[in-house]
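Printed here is model_15.txt (compact mmCIF, C-alpha atoms):
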```txt
# COMPACT_ATOMS: atom_id res chain seq x y z
CA MET U 531 128.53 152.39 93.25
CA ARG U 532 129.06 151.96 97.02
CA GLN U 533 125.62 150.34 97.28
CA LEU U 534 126.51 147.95 94.44
CA THR U 535 129.76 147.05 96.21
CA ARG U 536 127.87 146.29 99.45
CA ILE U 537 125.44 144.05 97.57
CA ARG U 538 128.29 142.16 95.91
CA ARG U 539 130.04 141.79 99.27
CA ARG U 540 126.89 140.40 100.93
CA ALA U 541 126.40 137.94 98.06
CA LEU U 542 130.02 136.81 98.34
CA LEU U 543 129.73 136.31 102.10
CA LYS U 544 126.50 134.37 101.65
CA SER U 545 128.00 132.05 99.03
CA GLY U 546 131.08 131.62 101.20
CA ALA U 547 128.97 130.59 104.17
CA ALA U 548 127.08 128.08 102.04
CA ALA U 549 130.33 126.60 100.75
CA THR U 550 131.66 126.31 104.30
CA GLY U 551 128.51 124.42 105.26
CA PHE U 552 128.98 122.01 102.37
CA ALA U 553 132.63 121.54 103.29
CA ALA U 554 131.65 120.75 106.88
CA ALA U 555 129.27 118.13 105.58
CA GLY U 556 132.10 116.59 103.60
CA LEU U 557 130.52 117.45 100.24
CA LEU U 558 133.22 119.92 99.23
CA PRO U 559 136.86 120.27 100.17
CA ALA U 560 137.49 122.97 102.76
CA GLY U 561 137.70 126.37 101.11
CA GLY U 562 135.88 125.18 97.96
CA PHE U 563 133.17 127.40 96.51
CA ALA U 564 131.89 125.23 93.67
CA GLN U 565 128.28 124.13 93.94
CA ALA U 566 127.29 120.58 93.04
CA LYS U 567 125.10 120.46 89.95
CA THR U 568 121.84 118.54 89.87
CA GLN U 569 122.01 115.59 87.50
CA THR U 570 119.11 113.77 85.90
CA VAL U 571 118.89 110.07 86.70
CA ASN U 572 116.60 107.89 84.62
CA LEU U 573 114.97 104.85 86.22
CA GLN U 574 114.04 102.46 83.41
CA LEU U 575 111.16 100.16 84.33
CA GLY U 576 110.27 96.84 82.78
CA TRP U 577 106.54 97.67 82.98
CA LEU U 578 104.16 100.62 83.26
CA ALA U 579 104.58 102.70 86.43
CA GLY U 580 102.31 101.97 89.40
CA ASN U 581 102.51 101.37 93.13
CA ASN U 582 105.75 99.42 92.67
CA GLN U 583 107.29 102.92 92.45
CA VAL U 584 105.37 104.50 95.33
CA GLY U 585 108.57 105.00 97.34
CA GLU U 586 110.39 106.72 94.50
CA VAL U 587 107.42 108.95 93.72
CA ALA U 588 107.08 109.95 97.37
CA ALA U 589 110.80 110.71 97.56
CA LYS U 590 110.53 112.84 94.42
CA HIS U 591 107.58 114.88 95.72
CA LEU U 592 109.11 115.33 99.16
CA GLY U 593 112.39 116.62 97.71
CA TYR U 594 114.58 113.73 98.86
CA PHE U 595 116.16 113.30 95.43
CA GLU U 596 116.62 117.05 95.12
CA GLU U 597 118.52 117.04 98.42
CA GLU U 598 120.85 114.47 96.88
CA LYS U 599 121.32 116.71 93.81
CA LEU U 600 119.36 114.29 91.64
CA ASN U 601 116.46 114.86 89.28
CA LEU U 602 114.62 111.54 88.99
CA ALA U 603 112.89 110.66 85.72
CA ILE U 604 110.89 107.41 85.77
CA GLN U 605 110.86 105.82 82.33
CA PRO U 606 108.00 103.35 81.73
CA GLY U 607 108.54 99.98 80.13
CA GLY U 608 106.12 97.67 78.41
CA PRO U 609 105.83 94.63 76.15
CA SER U 610 107.82 96.21 73.32
CA ILE U 611 110.49 97.83 75.52
CA ASP U 612 113.63 95.92 76.52
CA GLY U 613 114.63 97.81 79.65
CA VAL U 614 117.76 95.74 80.29
CA ALA U 615 119.04 96.48 76.78
CA ILE U 616 118.34 100.20 77.24
CA VAL U 617 120.30 100.36 80.50
CA ALA U 618 123.08 98.13 79.15
CA SER U 619 123.50 100.52 76.21
CA GLY U 620 124.10 103.44 78.59
CA ARG U 621 120.99 105.32 77.50
CA HIS U 622 119.53 105.24 81.04
CA GLU U 623 121.45 104.98 84.30
CA ILE U 624 119.33 102.66 86.49
CA GLY U 625 116.87 99.90 85.73
CA GLN U 626 114.36 97.80 87.63
CA VAL U 627 112.90 94.45 86.58
CA SER U 628 110.03 92.54 88.10
CA SER U 629 112.02 89.47 89.16
CA SER U 630 115.61 88.51 89.89
CA PRO U 631 115.94 85.74 87.25
CA SER U 632 115.99 88.39 84.50
CA LEU U 633 119.30 89.68 85.81
CA MET U 634 120.77 86.20 86.23
CA LEU U 635 119.85 85.37 82.63
CA ALA U 636 121.31 88.70 81.44
CA ALA U 637 124.59 87.99 83.23
CA SER U 638 124.74 84.52 81.71
CA GLN U 639 124.54 86.18 78.27
CA LYS U 640 127.43 88.50 79.20
CA ILE U 641 125.19 91.57 79.34
CA PRO U 642 127.12 93.79 81.81
CA VAL U 643 124.37 94.72 84.29
CA MET U 644 124.38 93.96 88.02
CA CYS U 645 121.86 94.20 90.86
CA PHE U 646 122.84 96.75 93.53
CA ALA U 647 119.66 96.73 95.69
CA THR U 648 116.28 95.04 95.79
CA GLY U 649 112.87 96.61 96.27
CA LEU U 650 111.10 93.63 97.81
CA GLN U 651 112.63 91.23 100.30
CA GLN U 652 110.55 88.25 99.19
CA HIS U 653 108.80 87.61 95.91
CA PRO U 654 104.99 87.98 96.15
CA TYR U 655 104.30 85.44 93.39
CA ALA U 656 101.83 82.76 94.50
CA TYR U 657 99.38 80.08 93.43
CA PHE U 658 95.76 80.78 94.40
CA SER U 659 93.04 78.22 95.03
CA LEU U 660 89.59 78.01 96.60
CA PRO U 661 88.37 75.84 99.51
CA LYS U 662 86.54 73.37 97.23
CA LYS U 663 89.91 72.30 95.72
CA PRO U 664 92.54 73.69 98.10
CA VAL U 665 96.26 73.83 97.35
CA ARG U 666 98.02 74.50 100.64
CA ALA U 667 101.28 72.70 99.88
CA PRO U 668 103.19 72.09 96.63
CA ARG U 669 102.20 68.43 96.30
CA ASP U 670 98.55 69.47 96.48
CA LEU U 671 99.07 70.60 92.87
CA ILE U 672 99.09 66.96 91.77
CA GLY U 673 95.93 66.17 89.84
CA LYS U 674 94.97 69.85 89.54
CA LYS U 675 94.49 72.11 86.52
CA VAL U 676 97.01 74.90 87.11
CA GLY U 677 96.56 78.22 85.33
CA ILE U 678 99.73 80.22 84.71
CA GLN U 679 100.91 83.00 82.42
CA ALA U 680 103.12 81.82 79.54
CA THR U 681 106.15 83.59 80.99
CA ALA U 682 105.67 81.88 84.38
CA LYS U 683 106.28 78.33 83.16
CA VAL U 684 109.84 78.37 84.47
CA LEU U 685 108.57 79.28 87.95
CA LEU U 686 106.23 76.30 87.96
CA ASN U 687 109.07 74.11 86.68
CA ALA U 688 111.24 75.30 89.57
CA LEU U 689 108.52 74.49 92.07
CA MET U 690 107.93 71.03 90.59
CA LYS U 691 111.66 70.23 90.59
CA LYS U 692 112.00 71.40 94.18
CA HIS U 693 109.23 69.02 95.30
CA ASN U 694 109.74 66.11 92.89
CA ILE U 695 106.49 66.65 90.99
CA ALA U 696 106.35 65.34 87.43
CA GLU U 697 104.74 67.56 84.81
CA LYS U 698 102.46 64.67 83.78
CA ASP U 699 100.97 64.72 87.28
CA LEU U 700 99.16 68.02 86.71
CA GLU U 701 97.52 69.86 83.84
CA ILE U 702 99.01 73.21 82.83
CA VAL U 703 96.63 75.80 81.37
CA ILE U 704 97.99 79.06 79.92
CA ILE U 705 95.87 82.00 81.09
CA GLY U 706 96.00 85.78 81.17
CA SER U 707 96.03 87.99 84.27
CA GLU U 708 92.31 87.63 85.09
CA MET U 709 90.78 85.30 87.69
CA THR U 710 87.97 84.12 85.40
CA PRO U 711 89.43 80.65 84.69
CA ILE U 712 89.25 79.51 88.33
CA LEU U 713 85.80 81.04 88.83
CA THR U 714 84.39 79.24 85.78
CA GLY U 715 86.06 75.90 86.52
CA GLN U 716 88.54 76.03 83.65
CA THR U 717 91.32 75.71 86.25
CA ASP U 718 91.63 74.69 89.89
CA VAL U 719 94.52 77.06 90.50
CA VAL U 720 95.60 80.45 89.16
CA SER U 721 98.84 82.31 89.71
CA GLY U 722 100.00 85.89 90.12
CA TRP U 723 101.30 88.46 92.56
CA ILE U 724 99.64 88.73 95.98
CA THR U 725 100.14 92.49 95.72
CA ASN U 726 97.67 92.69 92.80
CA THR U 727 94.82 93.07 95.25
CA THR U 728 92.29 94.47 92.77
CA THR U 729 92.74 91.54 90.40
CA LEU U 730 92.39 89.04 93.26
CA LYS U 731 89.19 90.48 94.75
CA PRO U 732 86.82 88.17 92.81
CA LEU U 733 88.33 85.16 94.62
CA GLY U 734 86.85 86.39 97.91
CA PRO U 735 88.06 86.22 101.51
CA ASP U 736 88.44 82.41 101.57
CA ARG U 737 91.17 82.45 98.94
CA ILE U 738 94.11 80.12 99.70
CA ASP U 739 97.62 81.33 98.88
CA LEU U 740 100.65 79.13 98.23
CA ARG U 741 103.61 81.50 97.99
CA LEU U 742 106.55 80.50 95.81
CA TRP U 743 108.96 81.75 98.50
CA ASP U 744 107.31 79.67 101.22
CA ALA U 745 107.48 76.63 98.93
CA GLY U 746 111.27 76.92 98.80
CA VAL U 747 111.74 78.81 95.52
CA ARG U 748 113.26 82.01 96.87
CA LEU U 749 113.41 84.80 94.30
CA TYR U 750 113.71 88.55 94.76
CA ALA U 751 111.25 91.02 93.25
CA LEU U 752 111.85 94.55 91.94
CA PRO U 753 115.66 94.42 91.91
CA TYR U 754 117.51 97.60 90.89
CA TYR U 755 120.40 97.27 88.48
CA ALA U 756 123.02 99.29 86.64
CA THR U 757 125.90 98.55 84.32
CA LYS U 758 129.26 97.54 85.71
CA ASP U 759 130.66 100.76 84.26
CA THR U 760 128.10 102.90 86.09
CA ILE U 761 128.72 101.02 89.35
CA GLU U 762 132.45 101.56 88.93
CA LYS U 763 132.45 105.20 87.78
CA LYS U 764 129.24 106.62 89.29
CA ALA U 765 129.00 104.83 92.62
CA ASP U 766 128.34 108.15 94.39
CA MET U 767 125.30 108.77 92.19
CA LEU U 768 123.93 105.28 92.85
CA ALA U 769 124.50 105.75 96.57
CA ALA U 770 122.65 109.08 96.47
CA TYR U 771 119.78 107.43 94.60
CA THR U 772 119.62 104.61 97.14
CA ARG U 773 119.57 106.99 100.10
CA ALA U 774 116.75 109.06 98.62
CA ALA U 775 114.72 106.02 97.58
CA SER U 776 115.11 104.49 101.03
CA ARG U 777 113.71 107.62 102.63
CA GLY U 778 110.78 107.59 100.20
CA TRP U 779 109.95 103.96 100.94
CA GLU U 780 110.17 104.56 104.68
CA TYR U 781 107.77 107.49 104.28
CA ALA U 782 105.38 105.23 102.33
CA LEU U 783 105.56 102.64 105.11
CA ASN U 784 104.58 105.22 107.71
CA ASN U 785 102.16 107.18 105.49
CA PRO U 786 100.72 104.87 102.81
CA GLU U 787 97.67 107.01 102.03
CA LYS U 788 99.74 110.19 101.63
CA ALA U 789 102.30 108.34 99.52
CA VAL U 790 99.50 107.16 97.24
CA ASP U 791 98.28 110.75 96.98
CA PHE U 792 101.68 111.60 95.48
CA LEU U 793 101.42 108.57 93.19
CA ILE U 794 98.01 109.68 91.89
CA LYS U 795 99.36 113.18 91.21
CA GLU U 796 102.08 111.61 89.09
CA TYR U 797 99.83 109.02 87.43
CA PRO U 798 96.21 110.25 87.50
CA ASN U 799 94.96 107.20 85.61
CA LEU U 800 95.41 105.07 88.75
CA LYS U 801 92.52 104.53 91.19
CA HIS U 802 93.23 105.87 94.68
CA ASP U 803 91.50 103.25 96.83
CA ASP U 804 92.87 100.36 94.78
CA GLU U 805 96.40 101.75 95.02
CA VAL U 806 96.16 102.26 98.79
CA GLU U 807 95.07 98.65 99.28
CA GLY U 808 97.76 97.35 96.93
CA THR U 809 100.46 99.54 98.44
CA LYS U 810 99.74 98.32 101.97
CA GLU U 811 100.14 94.73 100.75
CA LEU U 812 103.29 95.61 98.80
CA LEU U 813 104.93 97.20 101.84
CA LYS U 814 104.70 93.88 103.70
CA PHE U 815 107.19 92.54 101.16
CA ALA U 816 109.43 95.64 101.11
CA PHE U 817 110.17 95.56 104.84
CA ASN U 818 110.86 92.58 107.09
CA ALA U 819 113.44 91.26 109.55
CA ASN U 820 116.21 91.63 106.96
CA THR U 821 115.53 95.33 106.42
CA HIS U 822 115.27 95.80 110.18
CA ALA U 823 118.80 94.44 110.50
CA ASN U 824 120.41 95.57 107.24
CA GLY U 825 118.30 98.44 105.91
CA TRP U 826 115.91 98.96 103.02
CA GLY U 827 117.10 97.47 99.73
CA ALA U 828 119.35 94.83 101.31
CA PHE U 829 119.64 91.33 99.90
CA ASP U 830 121.34 88.08 100.87
CA PRO U 831 124.03 86.91 98.40
CA ALA U 832 123.35 83.32 99.51
CA VAL U 833 119.78 83.62 98.22
CA TRP U 834 121.11 84.81 94.85
CA GLN U 835 123.50 81.85 94.66
CA GLU U 836 120.61 79.53 95.51
CA GLN U 837 118.66 81.00 92.60
CA ILE U 838 121.57 80.58 90.19
CA ASN U 839 121.98 76.94 91.24
CA LEU U 840 118.26 76.23 90.81
CA TYR U 841 118.07 77.81 87.36
CA ASP U 842 121.23 75.98 86.35
CA ASP U 843 119.58 72.71 87.41
CA LEU U 844 116.61 73.66 85.22
CA LYS U 845 119.03 74.24 82.28
CA GLN U 846 117.92 77.84 81.87
CA PHE U 847 121.40 79.19 81.10
CA SER U 848 122.13 78.37 77.46
CA ALA U 849 125.52 80.06 77.73
CA GLY U 850 126.36 78.56 81.13
CA ALA U 851 125.56 79.64 84.68
CA PRO U 852 126.83 83.12 85.61
CA LYS U 853 129.17 83.76 88.49
CA LEU U 854 127.60 85.40 91.54
CA ASP U 855 129.98 88.37 91.23
CA ASP U 856 128.66 89.03 87.73
CA VAL U 857 125.05 89.16 88.95
CA ILE U 858 125.20 91.26 92.14
CA THR U 859 127.34 93.81 93.93
CA THR U 860 127.08 94.94 97.57
CA ARG U 861 129.19 98.05 96.93
CA ILE U 862 126.26 100.48 96.99
CA LEU U 863 124.57 98.79 99.95
CA ASP U 864 127.84 98.91 101.89
CA ALA U 865 128.32 102.61 101.09
CA THR U 866 124.80 103.48 102.30
CA LYS U 867 124.52 101.10 105.24
CA ALA U 868 124.27 103.87 107.84
CA GLN U 869 121.63 105.86 105.92
CA ARG U 870 119.19 103.20 104.67
CA ALA U 871 115.99 102.80 106.71
CA LYS U 872 116.36 100.00 109.25
CA VAL U 873 112.73 99.16 109.83
CA GLY U 874 110.72 96.01 109.41
```

Represent the structure of the file as structure tokens.
Amino acid sequence: MRQLTRIRRRALLKSGAAATGFAAAGLLPAGGFAQAKTQTVNLQLGWLAGNNQVGEVAAKHLGYFEEEKLNLAIQPGGPSIDGVAIVASGRHEIGQVSSSPSLMLAASQKIPVMCFATGLQQHPYAYFSLPKKPVRAPRDLIGKKVGIQATAKVLLNALMKKHNIAEKDLEIVIIGSEMTPILTGQTDVVSGWITNTTTLKPLGPDRIDLRLWDAGVRLYALPYYATKDTIEKKADMLAAYTRAASRGWEYALNNPEKAVDFLIKEYPNLKHDDEVEGTKELLKFAFNANTHANGWGAFDPAVWQEQINLYDDLKQFSAGAPKLDDVITTRILDATKAQRAKVG
């Protein structure tokens, strides 16, 4: 019995010391002995998982989410999955879409989701051409056959409006994701993400890129979003997620090959060398002067307002242009300003 009492006393002292440590860190009130429970957080994607999530996967394998008392579950999207609707319904806590206009359009339809951070500082969407028919500036598109995906028509419209190009001055060809049309002469230009390095390889080293961002159409890529209710009631959880993700992306920046190793463990269908090459290109868009000054995940509200104005000019908001405060919030970025990786 005396031995049992000593064991109980040691256990009590140990738990008391742990609680004191948490209290000192500001995680528990002084004298509190309750332990924070780990909660599962679902990240709903708008596509299948790949190197766009390399930072999250690294953070998960390195225990960064666990340190924040979070258990991250990455939920894949796809053509038949409406990720915004899933998050808006409250089924999953956090979502990520490929491009910022999706969230502007959702807000215009009164769907209560808001961006709280962005994965990439500039959108990697571009128009690709070859030296025999180069397109180095927007007006070089005039007289060309331009291959785009059906969903990218609005991006081309934005570019044409920005540079006073009439649709009759070029020929639009709807293509898939492959580069075959430009290689066979069906088009003079193809479009896609610069980060899709494997897909772009057939174009060779002389490929010419005209980035949408450089042409004045400034969109964000991989924005994170949550419902207004989650932002209001679970801001601490979103801040914890952002801190852990930031650490994971910083690790990927400094250790891209090791980060891809974690990615392959999670998704063994991916090809290691292709993912390393793509990840290195992706990281150029995740970190720049803005992250150096304001930390990973930061965004400029003025850029968002610029996007809203442009899409309003293009008459993309059938229910009227949304207010900026219905599209974005800086609450989570402000709360994590001191912890987010300031590199670039």

Mind pulling up the distance from atom CA of Tyr750 of chain U to atom CA of Val873 of chain U?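 Atom-to-atom, atom CA of Val873 of chain U to atom CA of Tyr750 of chain U, that is 18.5 Å.
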
Within 9 Å of file point (112.7, 95.0, 106.6), counting only C-alpha atoms, expressed as an NGL selection string: :U and (651 or 814-828 or 871-874)

Dump of C-alpha atoms for the selected residues, as a tab-separated table (two decimals), in the coordinates of the input:
```tsv
chain	number	residue	atom	x	y	z
U	651	GLN	CA	112.63	91.23	100.30
U	814	LYS	CA	104.70	93.88	103.70
U	815	PHE	CA	107.19	92.54	101.16
U	816	ALA	CA	109.43	95.64	101.11
U	817	PHE	CA	110.17	95.56	104.84
U	818	ASN	CA	110.86	92.58	107.09
U	819	ALA	CA	113.44	91.26	109.55
U	820	ASN	CA	116.21	91.63	106.96
U	821	THR	CA	115.53	95.33	106.42
U	822	HIS	CA	115.27	95.80	110.18
U	823	ALA	CA	118.80	94.44	110.50
U	824	ASN	CA	120.41	95.57	107.24
U	825	GLY	CA	118.30	98.44	105.91
U	826	TRP	CA	115.91	98.96	103.02
U	827	GLY	CA	117.10	97.47	99.73
U	828	ALA	CA	119.35	94.83	101.31
U	871	ALA	CA	115.99	102.80	106.71
U	872	LYS	CA	116.36	100.00	109.25
U	873	VAL	CA	112.73	99.16	109.83
U	874	GLY	CA	110.72	96.01	109.41
```

Neighbours of Ile604 of chain U within 9 Å (all atoms listed in the file; same-chain residues fewer than 3 positions away dropped), as a PDB file with C-alpha atoms, keeping the file's coordinate frame?
```
ATOM      1  CA  VAL U 571     118.890 110.070  86.700  1.00  0.00           C
ATOM      2  CA  ASN U 572     116.600 107.890  84.620  1.00  0.00           C
ATOM      3  CA  LEU U 573     114.970 104.850  86.220  1.00  0.00           C
ATOM      4  CA  GLN U 574     114.040 102.460  83.410  1.00  0.00           C
ATOM      5  CA  LEU U 575     111.160 100.160  84.330  1.00  0.00           C
ATOM      6  CA  ALA U 579     104.580 102.700  86.430  1.00  0.00           C
ATOM      7  CA  GLN U 583     107.290 102.920  92.450  1.00  0.00           C
ATOM      8  CA  GLU U 586     110.390 106.720  94.500  1.00  0.00           C
ATOM      9  CA  VAL U 587     107.420 108.950  93.720  1.00  0.00           C
TER      10      VAL U 587
END
```

Please report the interatomic distance between atom CA of Thr710 of chain U and atom CA of Lys674 of chain U in Å with one decimal.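 Distance between the two atoms: 16.4 Å.
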
Selection: 6 Å around segment 792-802 of chain U, all atoms listed in the file, excl. self and same-chain fewer than 3 positions, as an mmCIF file with C-alpha atoms, keeping the file's coordinate frame:
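Listed below is the output, result_30.cif:
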```cif
data_model
loop_
_atom_site.group_PDB
_atom_site.id
_atom_site.type_symbol
_atom_site.label_atom_id
_atom_site.label_comp_id
_atom_site.auth_asym_id
_atom_site.auth_seq_id
_atom_site.Cartn_x
_atom_site.Cartn_y
_atom_site.Cartn_z
ATOM 1 C CA ALA U 588 107.080 109.950 97.370
ATOM 2 C CA ALA U 789 102.300 108.340 99.520
ATOM 3 C CA GLU U 805 96.400 101.750 95.020
#
```

Between U:Ala667, U:Ala618, U:Asn726, U:Leu863, which one has atoms that come closest to Ala770 of chain U, using all atoms listed in the file?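 Distance minimum relative to Ala770 of chain U lands on U:Leu863.
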
For Glu787 of chain U, which of U:Leu635, U:Val806, U:Ala775, U:Val627 is the closest residue, counting only C-alpha atoms?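 Of the candidates, the smallest distance to Glu787 of chain U is held by U:Val806.
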
Do a neighbour search on Val719 of chain U at 6 Å with only C-alpha atoms, toss out local chain neighbours closer than 5 positions, and write the hits as number ranges by chain. U: 658-659, 676-677

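In this model, the gap between atom CA of Asp718 of chain U and atom CA of Ile702 of chain U comes to 10.3 Å.
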
Extract, using only C-alpha atoms, all DNA, RNA and protein residues at most 9 Å from segment 637-648 of chain U, discarding same-chain residues fewer than 6 positions from it, and format them as an mmCIF file with C-alpha atoms, keeping the file's coordinate frame.
```cif
data_model
loop_
_atom_site.group_PDB
_atom_site.id
_atom_site.type_symbol
_atom_site.label_atom_id
_atom_site.label_comp_id
_atom_site.auth_asym_id
_atom_site.auth_seq_id
_atom_site.Cartn_x
_atom_site.Cartn_y
_atom_site.Cartn_z
ATOM 1 C CA VAL U 614 117.760 95.740 80.290
ATOM 2 C CA ALA U 615 119.040 96.480 76.780
ATOM 3 C CA VAL U 617 120.300 100.360 80.500
ATOM 4 C CA ALA U 618 123.080 98.130 79.150
ATOM 5 C CA GLN U 626 114.360 97.800 87.630
ATOM 6 C CA SER U 630 115.610 88.510 89.890
ATOM 7 C CA TYR U 750 113.710 88.550 94.760
ATOM 8 C CA ALA U 751 111.250 91.020 93.250
ATOM 9 C CA LEU U 752 111.850 94.550 91.940
ATOM 10 C CA PRO U 753 115.660 94.420 91.910
ATOM 11 C CA TYR U 754 117.510 97.600 90.890
ATOM 12 C CA TYR U 755 120.400 97.270 88.480
ATOM 13 C CA ALA U 756 123.020 99.290 86.640
ATOM 14 C CA THR U 757 125.900 98.550 84.320
ATOM 15 C CA LYS U 758 129.260 97.540 85.710
ATOM 16 C CA ASP U 759 130.660 100.760 84.260
ATOM 17 C CA ILE U 761 128.720 101.020 89.350
ATOM 18 C CA LEU U 768 123.930 105.280 92.850
ATOM 19 C CA THR U 772 119.620 104.610 97.140
ATOM 20 C CA ALA U 816 109.430 95.640 101.110
ATOM 21 C CA TRP U 826 115.910 98.960 103.020
ATOM 22 C CA GLY U 827 117.100 97.470 99.730
ATOM 23 C CA ALA U 828 119.350 94.830 101.310
ATOM 24 C CA PHE U 829 119.640 91.330 99.900
ATOM 25 C CA PHE U 847 121.400 79.190 81.100
ATOM 26 C CA SER U 848 122.130 78.370 77.460
ATOM 27 C CA ALA U 849 125.520 80.060 77.730
ATOM 28 C CA GLY U 850 126.360 78.560 81.130
ATOM 29 C CA ALA U 851 125.560 79.640 84.680
ATOM 30 C CA PRO U 852 126.830 83.120 85.610
ATOM 31 C CA LYS U 853 129.170 83.760 88.490
ATOM 32 C CA ASP U 855 129.980 88.370 91.230
ATOM 33 C CA ASP U 856 128.660 89.030 87.730
ATOM 34 C CA VAL U 857 125.050 89.160 88.950
ATOM 35 C CA ILE U 858 125.200 91.260 92.140
ATOM 36 C CA THR U 859 127.340 93.810 93.930
ATOM 37 C CA THR U 860 127.080 94.940 97.570
ATOM 38 C CA ARG U 861 129.190 98.050 96.930
ATOM 39 C CA ILE U 862 126.260 100.480 96.990
ATOM 40 C CA LEU U 863 124.570 98.790 99.950
#
```

Leaving out segment 589-593 of chain U and any residue of its chain fewer than 4 positions from it, which residues lie within 9 Å of it when counting all atoms listed in the file, given as a ChimeraX atom specification? /U:584-585,597-598,601-602,774-779,781,792

Using all atoms listed in the file - which residues lie no farther than 10 Å from the point (108.4, 91.6, 79.2) in the file's frame? Write them as a PyMOL selection string. chain U and resi 576-577+607-613+627-628+632+681

Counting all atoms listed in the file, the option among U:Ala636, U:Leu740, U:Ala868, U:Leu844 closest to Tyr657 of chain U: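 Answer, going by the shortest atom-to-atom distance: U:Leu740.
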